[in-house]
$ cat structure.cif   # mmCIF, C-alpha atoms
data_input
loop_
_atom_site.label_atom_id
_atom_site.label_comp_id
_atom_site.auth_asym_id
_atom_site.auth_seq_id
_atom_site.Cartn_x
_atom_site.Cartn_y
_atom_site.Cartn_z
CA MET P 191 63.05 127.78 124.78
CA GLY P 192 62.04 126.29 126.85
CA LYS P 193 65.21 120.03 126.61
CA SER P 194 71.16 114.93 127.10
CA SER P 195 74.27 113.15 128.83
CA PHE P 196 77.72 112.16 128.88
CA VAL P 197 79.58 109.41 127.09
CA CYS P 198 81.14 107.61 130.05
CA SER P 199 84.66 108.60 129.15
CA LEU P 200 83.70 112.23 128.66
CA PHE P 201 81.81 112.26 131.91
CA ALA P 202 84.74 110.77 133.78
CA ALA P 203 87.07 113.27 132.18
CA TRP P 204 84.79 116.15 133.11
CA MET P 205 84.54 114.93 136.68
CA GLY P 206 88.30 114.76 136.88
CA ILE P 207 88.70 118.26 135.53
CA SER P 208 85.95 119.72 137.69
CA ALA P 209 87.60 118.29 140.81
CA LEU P 210 90.68 120.34 140.03
CA LEU P 211 88.87 123.63 139.52
CA LEU P 212 89.66 126.35 141.98
CA PRO P 213 86.77 127.52 144.14
CA ILE P 214 84.92 130.58 142.91
CA SER P 215 84.58 133.30 145.52
CA HIS P 216 80.84 133.22 146.15
CA ALA P 217 79.28 134.41 149.37
CA ALA P 218 76.70 132.09 150.90
CA VAL P 219 73.86 131.33 148.48
CA HIS P 220 70.27 131.65 149.70
CA MET P 221 67.37 129.94 147.96
CA GLU P 222 63.75 130.97 148.31
CA LYS P 223 60.81 129.33 146.56
CA VAL P 224 58.56 132.14 145.37
CA ALA P 225 55.95 130.33 143.24
CA GLU P 226 54.76 126.92 142.10
CA SER P 227 52.34 125.59 139.52
CA ASP P 228 50.63 122.38 138.45
CA HIS P 229 51.58 123.21 134.86
CA GLN P 230 55.01 123.06 133.25
CA TRP P 231 56.67 126.39 132.66
CA THR P 232 59.99 127.15 131.01
CA GLY P 233 60.69 130.87 130.60
CA ILE P 234 60.71 133.57 133.24
CA ALA P 235 61.12 137.33 133.00
CA ILE P 236 61.45 140.02 135.67
CA SER P 237 60.70 143.55 134.50
CA PRO P 238 62.68 146.60 135.70
CA LYS P 239 59.75 147.35 138.00
CA GLY P 240 59.71 143.85 139.45
CA ARG P 241 56.79 142.34 137.56
CA MET P 242 57.14 138.58 136.98
CA PHE P 243 56.13 136.76 133.81
CA VAL P 244 56.25 133.08 132.85
CA ASN P 245 55.34 130.97 129.86
CA PHE P 246 53.89 127.49 129.51
CA PRO P 247 54.95 125.56 126.39
CA THR P 248 52.35 123.41 124.68
CA TRP P 249 54.23 120.11 124.94
CA ASN P 250 52.29 117.67 127.05
CA ASP P 251 48.80 116.28 126.66
CA TYR P 252 47.38 118.42 129.45
CA PRO P 253 47.15 122.09 128.48
CA ALA P 254 48.15 124.88 130.80
CA ASN P 255 45.57 127.53 131.58
CA TYR P 256 47.68 130.05 129.71
CA ARG P 257 50.55 130.27 127.25
CA VAL P 258 51.93 133.42 128.92
CA ALA P 259 51.00 134.68 132.36
CA GLU P 260 51.91 137.37 134.84
CA LEU P 261 52.36 136.14 138.38
CA LYS P 262 50.79 138.34 141.04
CA ASN P 263 51.20 137.01 144.57
CA GLY P 264 51.77 133.60 143.05
CA LYS P 265 48.54 133.70 141.02
CA GLU P 266 48.64 133.31 137.24
CA THR P 267 46.86 135.88 135.08
CA ALA P 268 46.77 135.69 131.29
CA TYR P 269 49.18 138.14 129.71
CA PRO P 270 48.88 140.41 127.81
CA SER P 271 45.28 139.15 127.66
CA GLU P 272 43.24 135.99 127.23
CA GLU P 273 42.69 136.97 123.59
CA TRP P 274 46.42 137.10 122.89
CA ASN P 275 46.89 133.80 124.70
CA ARG P 276 44.54 132.17 122.23
CA GLU P 277 46.75 133.38 119.39
CA PHE P 278 49.97 131.93 120.81
CA VAL P 279 50.84 128.42 119.57
CA CYS P 280 53.66 127.13 121.80
CA VAL P 281 55.54 129.84 123.67
CA GLN P 282 59.04 128.78 124.68
CA SER P 283 60.54 131.84 126.37
CA VAL P 284 59.85 135.30 127.74
CA VAL P 285 62.48 137.99 128.30
CA ALA P 286 62.19 141.49 129.77
CA ASP P 287 64.55 144.25 128.67
CA GLU P 288 65.79 147.37 130.45
CA GLU P 289 63.36 149.57 128.49
CA ASN P 290 60.37 147.89 130.13
CA HIS P 291 59.35 145.69 127.22
CA LEU P 292 58.48 141.99 127.36
CA TRP P 293 59.57 139.79 124.48
CA ILE P 294 57.56 136.62 123.86
CA LEU P 295 59.14 133.96 121.64
CA ASP P 296 56.69 131.56 120.02
CA PRO P 297 58.40 128.88 117.88
CA ALA P 298 54.88 127.86 116.76
CA LYS P 299 55.79 124.18 116.73
CA LEU P 300 53.83 121.48 118.49
CA ARG P 301 55.30 118.10 119.37
CA GLY P 302 55.75 115.90 116.30
CA GLN P 303 54.59 118.61 113.92
CA GLU P 304 56.25 121.18 111.68
CA VAL P 305 56.28 124.90 112.40
CA TYR P 306 52.80 126.33 111.85
CA PRO P 307 52.28 127.85 108.38
CA THR P 308 51.72 131.21 110.09
CA GLY P 309 55.40 131.10 111.12
CA ALA P 310 57.44 131.36 114.31
CA ARG P 311 57.03 134.75 115.94
CA LEU P 312 58.57 137.20 118.37
CA TYR P 313 56.15 139.55 120.13
CA ASP P 314 57.20 142.94 121.53
CA VAL P 315 54.95 144.02 124.42
CA ASP P 316 55.18 147.46 126.01
CA LEU P 317 54.79 146.83 129.74
CA SER P 318 53.78 150.44 130.37
CA SER P 319 50.61 150.03 128.32
CA ASN P 320 50.40 146.21 128.27
CA GLN P 321 49.96 146.42 124.51
CA VAL P 322 51.62 144.37 121.78
CA LYS P 323 53.65 146.92 119.83
CA ARG P 324 55.02 144.72 117.06
CA ILE P 325 55.05 141.12 115.87
CA TYR P 326 58.12 139.78 114.09
CA ILE P 327 57.34 136.82 111.83
CA PHE P 328 60.21 134.53 110.81
CA PRO P 329 60.14 133.26 107.21
CA GLN P 330 60.80 129.61 106.40
CA SER P 331 64.31 130.55 105.27
CA THR P 332 65.01 131.48 108.91
CA ALA P 333 62.75 129.17 110.94
CA TRP P 334 62.82 125.87 109.04
CA PRO P 335 59.90 123.41 109.27
CA GLN P 336 61.71 121.42 112.01
CA SER P 337 63.21 124.45 113.77
CA TYR P 338 62.38 125.16 117.38
CA LEU P 339 63.27 128.73 118.29
CA ASN P 340 64.25 128.42 121.91
CA ASP P 341 65.74 131.43 123.65
CA VAL P 342 66.29 135.08 122.81
CA ARG P 343 68.43 137.99 123.93
CA ILE P 344 67.65 141.59 123.06
CA ASP P 345 70.22 144.31 122.35
CA THR P 346 68.08 147.41 122.87
CA LYS P 347 70.86 149.84 121.92
CA GLY P 348 71.86 148.01 118.78
CA ARG P 349 68.23 147.13 118.00
CA MET P 350 69.06 143.48 117.38
CA ALA P 351 67.81 140.15 118.70
CA TYR P 352 69.78 136.89 118.89
CA ILE P 353 67.88 133.59 119.00
CA THR P 354 68.85 129.93 119.31
CA ASP P 355 67.29 127.16 117.25
CA SER P 356 67.38 124.05 119.44
CA GLY P 357 65.60 121.92 116.88
CA MET P 358 67.97 122.19 113.92
CA GLY P 359 70.88 123.96 115.61
CA GLY P 360 71.61 127.57 114.79
CA ILE P 361 71.95 131.18 115.83
CA ILE P 362 69.43 133.54 114.27
CA VAL P 363 69.88 137.29 114.02
CA LEU P 364 66.86 139.62 113.84
CA ASP P 365 67.04 143.31 112.97
CA LEU P 366 64.43 144.91 115.22
CA ASN P 367 64.18 148.00 113.03
CA THR P 368 63.61 146.33 109.67
CA GLY P 369 62.24 142.96 110.80
CA ASP P 370 64.76 141.14 108.59
CA SER P 371 66.18 137.88 109.98
CA TYR P 372 68.69 135.28 108.89
CA ARG P 373 70.59 132.22 110.13
CA ALA P 374 73.98 133.64 111.10
CA LEU P 375 75.27 130.24 112.24
CA THR P 376 73.87 126.94 111.06
CA ASP P 377 75.10 123.49 109.97
CA VAL P 378 78.30 123.89 112.00
CA PRO P 379 79.41 121.72 114.95
CA GLU P 380 79.34 124.61 117.43
CA VAL P 381 75.52 124.79 117.28
CA LYS P 382 75.01 121.02 117.54
CA ALA P 383 74.94 118.59 120.44
CA ASN P 384 78.36 116.96 120.87
CA LEU P 385 77.32 114.33 123.45
CA ASP P 386 75.50 111.04 122.98
CA TYR P 387 73.42 111.28 126.13
CA ILE P 388 73.06 112.98 129.52
CA ASP P 389 73.31 110.83 132.62
CA PHE P 390 70.96 112.44 135.15
CA LYS P 391 71.72 111.42 138.70
CA SER P 392 68.03 110.87 139.49
CA THR P 393 66.54 109.59 136.25
CA GLY P 394 69.50 108.03 134.48
CA ARG P 395 70.59 108.15 130.86
CA ASN P 396 68.60 110.30 128.44
CA THR P 397 69.35 110.38 124.72
CA HIS P 398 66.82 113.10 123.87
CA LEU P 399 69.30 115.74 122.76
CA SER P 400 68.63 119.34 121.83
CA GLN P 401 70.95 121.54 119.80
CA SER P 402 71.93 125.18 120.49
CA ASP P 403 69.86 126.33 123.44
CA GLY P 404 71.44 128.44 126.21
CA ILE P 405 72.29 131.97 125.13
CA GLU P 406 73.40 135.18 126.84
CA LEU P 407 74.58 138.62 125.77
CA SER P 408 77.43 140.61 127.32
CA GLU P 409 76.46 143.84 129.04
CA ASP P 410 77.86 145.93 126.18
CA GLY P 411 76.09 143.79 123.59
CA GLY P 412 79.39 142.95 121.92
CA THR P 413 79.64 139.25 122.75
CA LEU P 414 77.19 136.38 122.53
CA TYR P 415 77.68 133.32 124.76
CA PHE P 416 76.01 130.07 123.74
CA THR P 417 75.97 126.31 124.18
CA ALA P 418 73.98 123.25 123.14
CA LEU P 419 71.73 121.50 125.62
CA GLY P 420 73.21 118.23 124.45
CA GLY P 421 76.75 119.53 124.76
CA ASP P 422 79.49 120.36 127.26
CA ILE P 423 81.30 123.14 125.42
CA LEU P 424 80.70 126.84 126.10
CA TYR P 425 81.33 129.26 123.21
CA GLN P 426 81.49 132.96 122.58
CA VAL P 427 81.40 135.00 119.38
CA SER P 428 81.47 138.70 118.55
CA THR P 429 78.07 140.09 117.67
CA ASP P 430 79.80 142.26 115.04
CA ILE P 431 80.60 139.00 113.26
CA LEU P 432 77.04 137.73 113.54
CA ARG P 433 75.62 140.99 112.21
CA ASP P 434 77.93 141.16 109.20
CA LYS P 435 75.82 139.86 106.33
CA HIS P 436 78.79 139.96 103.96
CA LEU P 437 80.48 137.12 105.84
CA THR P 438 79.84 133.51 105.00
CA ILE P 439 78.77 131.05 107.68
CA THR P 440 82.23 129.49 107.47
CA GLU P 441 83.85 132.87 108.13
CA ARG P 442 81.57 133.45 111.12
CA GLN P 443 82.35 129.96 112.39
CA GLN P 444 86.07 130.72 112.30
CA ALA P 445 85.47 133.65 114.67
CA ILE P 446 83.86 131.46 117.36
CA GLU P 447 85.97 131.03 120.49
CA VAL P 448 85.81 128.18 123.00
CA LEU P 449 85.33 129.47 126.54
CA ASN P 450 85.15 126.14 128.32
CA ARG P 451 85.60 122.59 127.05
CA ALA P 452 84.58 121.18 130.44
CA ASN P 453 81.23 122.87 130.77
CA VAL P 454 78.00 121.13 131.80
CA PRO P 455 74.94 120.24 129.72
CA THR P 456 72.63 123.12 130.47
CA ASP P 457 69.52 124.94 129.39
CA GLY P 458 69.27 128.70 129.97
CA MET P 459 71.94 131.01 131.34
CA ILE P 460 72.26 134.48 132.84
CA LEU P 461 75.21 136.85 133.26
CA HIS P 462 75.72 138.38 136.71
CA LYS P 463 78.83 140.19 137.96
CA GLY P 464 81.13 138.63 135.39
CA LYS P 465 79.84 135.09 135.90
CA LEU P 466 77.51 132.99 133.79
CA PHE P 467 74.96 131.14 135.91
CA MET P 468 73.24 128.13 134.38
CA ALA P 469 71.87 124.70 135.21
CA ASN P 470 74.12 121.75 135.91
CA LEU P 471 71.53 119.36 134.50
CA PRO P 472 73.24 115.98 135.20
CA ASP P 473 73.87 116.83 138.86
CA GLU P 474 70.59 118.72 139.33
CA GLY P 475 72.33 121.87 140.49
CA ILE P 476 73.39 125.36 139.41
CA TRP P 477 76.72 125.89 137.67
CA SER P 478 78.69 129.14 137.71
CA PHE P 479 81.39 129.99 135.17
CA ASP P 480 83.72 132.91 135.86
CA LEU P 481 84.51 134.73 132.60
CA ALA P 482 87.61 136.37 134.09
CA THR P 483 89.27 133.25 135.47
CA GLY P 484 87.85 130.66 133.10
CA LYS P 485 86.90 128.50 136.09
CA GLY P 486 83.57 126.94 136.92
CA GLN P 487 81.88 125.01 139.67
CA THR P 488 78.53 123.81 140.92
CA LEU P 489 77.11 126.01 143.67
CA SER P 490 76.45 124.55 147.09
CA LEU P 491 72.65 124.55 147.41
CA PRO P 492 70.31 123.17 150.09
CA MET P 493 68.34 121.02 147.62
CA ASP P 494 68.46 119.34 144.23
CA ILE P 495 67.09 121.39 141.35
CA ARG P 496 64.80 119.49 139.01
CA TRP P 497 66.01 120.95 135.72
CA ALA P 498 66.67 124.65 136.16
CA ASP P 499 65.31 125.90 132.87
CA SER P 500 65.36 129.66 132.32
CA PHE P 501 66.96 132.42 134.38
CA ALA P 502 66.10 136.08 134.89
CA LYS P 503 67.79 138.82 136.89
CA ALA P 504 65.94 141.40 138.95
CA SER P 505 67.06 144.99 139.43
CA ASP P 506 68.31 144.17 142.96
CA GLY P 507 70.73 141.57 141.55
CA SER P 508 68.79 138.52 142.66
CA ILE P 509 68.37 135.70 140.14
CA TYR P 510 65.14 133.84 139.49
CA PHE P 511 64.79 130.54 137.68
CA THR P 512 62.09 128.05 136.77
CA THR P 513 62.19 124.28 137.20
CA SER P 514 60.66 122.30 134.34
CA GLN P 515 61.46 118.67 135.35
CA ILE P 516 61.90 117.75 131.66
CA ASN P 517 63.90 114.60 132.38
CA TYR P 518 61.25 113.19 134.75
CA PRO P 519 58.32 111.02 133.58
CA LEU P 520 55.00 112.78 134.10
CA GLU P 521 54.02 110.45 136.95
CA GLN P 522 57.22 111.35 138.86
CA ARG P 523 56.84 115.10 138.66
CA GLY P 524 55.75 117.33 141.47
CA LYS P 525 54.91 121.01 141.42
CA TYR P 526 56.82 123.16 138.95
CA GLU P 527 58.67 125.80 140.94
CA ILE P 528 60.30 129.21 140.74
CA TYR P 529 63.24 130.00 143.00
CA ARG P 530 64.92 133.26 143.91
CA MET P 531 68.65 133.10 144.51
CA THR P 532 70.55 135.73 146.54
CA TRP P 533 73.96 136.08 148.16
CA ASP P 534 75.35 137.46 151.38
CA GLY P 535 77.40 140.59 150.96
#
$ encode --input "structure.cif" --output "structure tokens"
Amino acid sequence: MGKSSFVCSLFAAWMGISALLLPISHAAVHMEKVAESDHQWTGIAISPKGRMFVNFPTWNDYPANYRVAELKNGKETAYPSEEWNREFVCVQSVVADEENHLWILDPAKLRGQEVYPTGARLYDVDLSSNQVKRIYIFPQSTAWPQSYLNDVRIDTKGRMAYITDSGMGGIIVLDLNTGDSYRALTDVPEVKANLDYIDFKSTGRNTHLSQSDGIELSEDGGTLYFTALGGDILYQVSTDILRDKHLTITERQQAIEVLNRANVPTDGMILHKGKLFMANLPDEGIWSFDLATGKGQTLSLPMDIRWADSFAKASDGSIYFTTSQINYPLEQRGKYEIYRMTWDG
């Protein structure tokens, strides 16, 4: 979902720290543009069988042809159907799981308005049949009127979903068996923007800050990684803590660990071979953080990336991401793109 910059002193401090970071052992990175669109997309999902899905949030005055689409040879086709697309309000993210299901997160909030009375929703689509299997509706106690549910990660084994609220700041937990949901973390600094602005190298200072946004789940489902778009601190917390309804929010907050105090303002993130890949929004690049060494750096890429938004990993280990150009005025935007990133070796 899917959108900030540094106080000068913080930015200078981060630059000083980042200059001292040890290089991460990456083989040469290869970038390939695989699709482009006239309409702004945020989320991307790659199914286990290689199918590609994207979503188009309803933010700007010009509407996209679809809210959710499957890309076939670069061509957009309404997914799961044109009828379902008419039901979606403002889809922010799409995620595919290892069981061949597509999850569509609709925060149901248009610009300047409150969440639709029908409620924010998470759709579970079986990709084998292309049928919506279940719709999870979030009550107002979970998705507040000014909430914007942004990104989601699915624990298929534990039958849980974890969702960020970038509007009000928060981590939401959804039980996929019962449909019950609650705000596991809210009204705490860790889910809020800690910067005053983001200083983009191409478009300058931007004070439009979002709260908790980027989210990722460890391979065993035991740890949730998260950060605010308007922040430079990377956190982790045990999902056992988030799932324990007997704990207070304060007790859950006390279990949060800081992974990196010199992170970058970012949007989505993806875990690959022990490293979290995410956008380096101010420098228009891709940032990699090594969970084992606690070191991070911006990858050496052949071009600037105009706001890498959401990331998805294919079964062959390649990483795909969308560009949403959020920091650019409409008249300065070009095509919205999807890139595929691979490595030698």
$ resolve_selection --input "structure.cif" --expression "the PyMOL selection byres ((chain P and resi 312) around 7)" --output "list in words"
Trp293, Ile294, Leu295, Asp296, Arg311, Tyr313, Asp314, Ile325, Tyr326 and Ile327 of chain P
$ closest_residue --input "structure.cif" --among "P:Phe246, P:Trp497, P:Phe416, P:Trp274" --to "Thr393 (chain P)" --atoms "all atoms listed in the file"
P:Trp497
$ resolve_selection --input "structure.cif" --expression "the PyMOL selection byres ((chain P and resi 354) around 6)" --output "PyMOL selection string"
chain P and resi 339-341+353+355+360-361+402-403
$ atom_distance --input "structure.cif" --atom1 "CA of Leu407 (chain P)" --atom2 "CA of Pro492 (chain P)"
29.1 Å
$ resolve_selection --input "structure.cif" --expression "the PyMOL selection byres ((chain P and resi 258) around 12)" --output "number ranges by chain"
P: 229-235, 242-248, 254-257, 259-261, 266-285, 292-296, 313, 315
$ closest_residue --input "structure.cif" --among "P:Gly412, P:Gly309, P:Gly507, P:Gly404" --to "Pro329 (chain P)" --atoms "all atoms listed in the file"
P:Gly309
$ residues_around --input "structure.cif" --residues "Ile439 (chain P)" --least-positions-apart "6" --cutoff "9 Å" --atoms "only C-alpha atoms" --output "PyMOL selection string"
chain P and resi 373-378
$ closest_residue --input "structure.cif" --among "P:Ala418, P:Met221, P:Leu520, P:Ile528" --to "Trp249 (chain P)" --atoms "only C-alpha atoms"
P:Leu520
$ residues_around --input "structure.cif" --residues "region 446-463 of chain P" --least-positions-apart "2" --cutoff "6 Å" --atoms "all atoms listed in the file" --output "list of chain:residue names"
P:Trp204, P:Gly404, P:Leu419, P:Gly420, P:Gly421, P:Asp422, P:Ile423, P:Leu424, P:Tyr425, P:Gln426, P:Val427, P:Gln443, P:Gln444, P:Lys465, P:Leu466, P:Phe467, P:Met468, P:Ala469, P:Asn470, P:Leu471, P:Asp499, P:Ser500, P:Phe501
$ atom_distance --input "structure.cif" --atom1 "CA of Leu414 (chain P)" --atom2 "CA of Leu399 (chain P)"
22.1 Å
$ atom_distance --input "structure.cif" --atom1 "CA of Glu409 (chain P)" --atom2 "CA of Asn320 (chain P)"
26.2 Å
$ closest_residue --input "structure.cif" --among "P:Arg349, P:Lys525, P:Arg530, P:His291" --to "Ser237 (chain P)" --atoms "only C-alpha atoms"
P:His291
$ closest_residue --input "structure.cif" --among "P:Thr346, P:Gln336, P:Asn396, P:Asn384" --to "Gly302 (chain P)" --atoms "all atoms listed in the file"
P:Gln336
$ residues_around --input "structure.cif" --residues "Phe328 (chain P)" --least-positions-apart "6" --cutoff "10 Å" --atoms "all atoms listed in the file" --output "PyMOL selection string"
chain P and resi 297+308-312+334+339+362+364+369-372
$ closest_residue --input "structure.cif" --among "P:Thr429, P:Thr332, P:Ser478, P:Gln303" --to "Met350 (chain P)" --atoms "all atoms listed in the file"
P:Thr429
$ axis_aligned_box --input "structure.cif" --around "region 408-422 of chain P" --padding-each-side "8 Å" --output "lines of an AutoDock Vina configuration file"
center_x = 75.7
center_y = 132.1
center_z = 125.5
size_x = 23.9
size_y = 43.7
size_z = 23.1
$ decode --input "structure.cif" --residues "region 320-341 of chain P" --atoms "N, CA, C and O atoms" --output "mmCIF file, in the first residue's frame"
data_model
loop_
_atom_site.group_PDB
_atom_site.id
_atom_site.type_symbol
_atom_site.label_atom_id
_atom_site.label_comp_id
_atom_site.auth_asym_id
_atom_site.auth_seq_id
_atom_site.Cartn_x
_atom_site.Cartn_y
_atom_site.Cartn_z
ATOM 1 N N ASN P 320 -9.245 -19.049 -10.349
ATOM 2 C CA ASN P 320 -9.477 -17.621 -10.573
ATOM 3 C C ASN P 320 -10.770 -17.149 -9.921
ATOM 4 O O ASN P 320 -11.458 -16.246 -10.425
ATOM 5 N N GLN P 321 -11.090 -17.748 -8.780
ATOM 6 C CA GLN P 321 -12.301 -17.412 -8.043
ATOM 7 C C GLN P 321 -11.960 -16.802 -6.686
ATOM 8 O O GLN P 321 -11.007 -17.245 -6.024
ATOM 9 N N VAL P 322 -12.737 -15.793 -6.283
ATOM 10 C CA VAL P 322 -12.590 -15.230 -4.953
ATOM 11 C C VAL P 322 -13.145 -16.244 -3.954
ATOM 12 O O VAL P 322 -14.323 -16.613 -4.010
ATOM 13 N N LYS P 323 -12.290 -16.689 -3.042
ATOM 14 C CA LYS P 323 -12.685 -17.721 -2.086
ATOM 15 C C LYS P 323 -13.250 -17.135 -0.797
ATOM 16 O O LYS P 323 -14.123 -17.728 -0.166
ATOM 17 N N ARG P 324 -12.720 -15.963 -0.401
ATOM 18 C CA ARG P 324 -13.197 -15.370 0.845
ATOM 19 C C ARG P 324 -12.865 -13.882 0.847
ATOM 20 O O ARG P 324 -11.854 -13.458 0.266
ATOM 21 N N ILE P 325 -13.728 -13.113 1.491
ATOM 22 C CA ILE P 325 -13.498 -11.681 1.670
ATOM 23 C C ILE P 325 -13.455 -11.396 3.164
ATOM 24 O O ILE P 325 -14.400 -11.709 3.897
ATOM 25 N N TYR P 326 -12.357 -10.819 3.611
ATOM 26 C CA TYR P 326 -12.209 -10.423 5.007
ATOM 27 C C TYR P 326 -12.518 -8.938 5.111
ATOM 28 O O TYR P 326 -11.889 -8.116 4.438
ATOM 29 N N ILE P 327 -13.488 -8.581 5.945
ATOM 30 C CA ILE P 327 -13.890 -7.197 6.118
ATOM 31 C C ILE P 327 -13.398 -6.710 7.481
ATOM 32 O O ILE P 327 -13.644 -7.350 8.512
ATOM 33 N N PHE P 328 -12.705 -5.576 7.487
ATOM 34 C CA PHE P 328 -12.136 -5.051 8.727
ATOM 35 C C PHE P 328 -13.128 -4.091 9.388
ATOM 36 O O PHE P 328 -13.586 -3.129 8.752
ATOM 37 N N PRO P 329 -13.468 -4.330 10.651
ATOM 38 C CA PRO P 329 -14.381 -3.420 11.352
ATOM 39 C C PRO P 329 -13.709 -2.083 11.639
ATOM 40 O O PRO P 329 -12.486 -1.943 11.534
ATOM 41 N N GLN P 330 -14.509 -1.093 12.026
ATOM 42 C CA GLN P 330 -13.952 0.231 12.307
ATOM 43 C C GLN P 330 -13.022 0.225 13.513
ATOM 44 O O GLN P 330 -12.191 1.119 13.647
ATOM 45 N N SER P 331 -13.134 -0.768 14.371
ATOM 46 C CA SER P 331 -12.200 -0.872 15.498
ATOM 47 C C SER P 331 -10.807 -1.264 15.029
ATOM 48 O O SER P 331 -9.819 -1.045 15.736
ATOM 49 N N THR P 332 -10.707 -1.825 13.831
ATOM 50 C CA THR P 332 -9.414 -2.216 13.258
ATOM 51 C C THR P 332 -8.947 -1.192 12.226
ATOM 52 O O THR P 332 -7.841 -0.665 12.311
ATOM 53 N N ALA P 333 -9.784 -0.949 11.224
ATOM 54 C CA ALA P 333 -9.476 0.047 10.194
ATOM 55 C C ALA P 333 -10.263 1.307 10.533
ATOM 56 O O ALA P 333 -11.460 1.396 10.251
ATOM 57 N N TRP P 334 -9.603 2.265 11.159
ATOM 58 C CA TRP P 334 -10.246 3.505 11.585
ATOM 59 C C TRP P 334 -10.645 4.342 10.373
ATOM 60 O O TRP P 334 -10.157 4.098 9.252
ATOM 61 N N PRO P 335 -11.501 5.347 10.563
ATOM 62 C CA PRO P 335 -11.950 6.163 9.417
ATOM 63 C C PRO P 335 -10.815 6.765 8.593
ATOM 64 O O PRO P 335 -10.941 6.913 7.374
ATOM 65 N N GLN P 336 -9.694 7.120 9.242
ATOM 66 C CA GLN P 336 -8.559 7.709 8.523
ATOM 67 C C GLN P 336 -7.430 6.706 8.297
ATOM 68 O O GLN P 336 -6.327 7.092 7.902
ATOM 69 N N SER P 337 -7.687 5.434 8.530
ATOM 70 C CA SER P 337 -6.679 4.407 8.266
ATOM 71 C C SER P 337 -6.486 4.229 6.766
ATOM 72 O O SER P 337 -7.402 4.473 5.969
ATOM 73 N N TYR P 338 -5.284 3.797 6.403
ATOM 74 C CA TYR P 338 -5.020 3.401 5.026
ATOM 75 C C TYR P 338 -4.213 2.107 5.090
ATOM 76 O O TYR P 338 -2.991 2.133 5.294
ATOM 77 N N LEU P 339 -4.910 0.987 4.975
ATOM 78 C CA LEU P 339 -4.217 -0.304 5.021
ATOM 79 C C LEU P 339 -3.333 -0.409 3.786
ATOM 80 O O LEU P 339 -3.798 -0.268 2.659
ATOM 81 N N ASN P 340 -2.047 -0.672 4.019
ATOM 82 C CA ASN P 340 -1.073 -0.438 2.957
ATOM 83 C C ASN P 340 -0.458 -1.699 2.375
ATOM 84 O O ASN P 340 -0.433 -1.890 1.171
ATOM 85 N N ASP P 341 0.091 -2.535 3.210
ATOM 86 C CA ASP P 341 0.788 -3.721 2.710
ATOM 87 C C ASP P 341 0.462 -4.898 3.604
ATOM 88 O O ASP P 341 0.114 -4.735 4.780
#
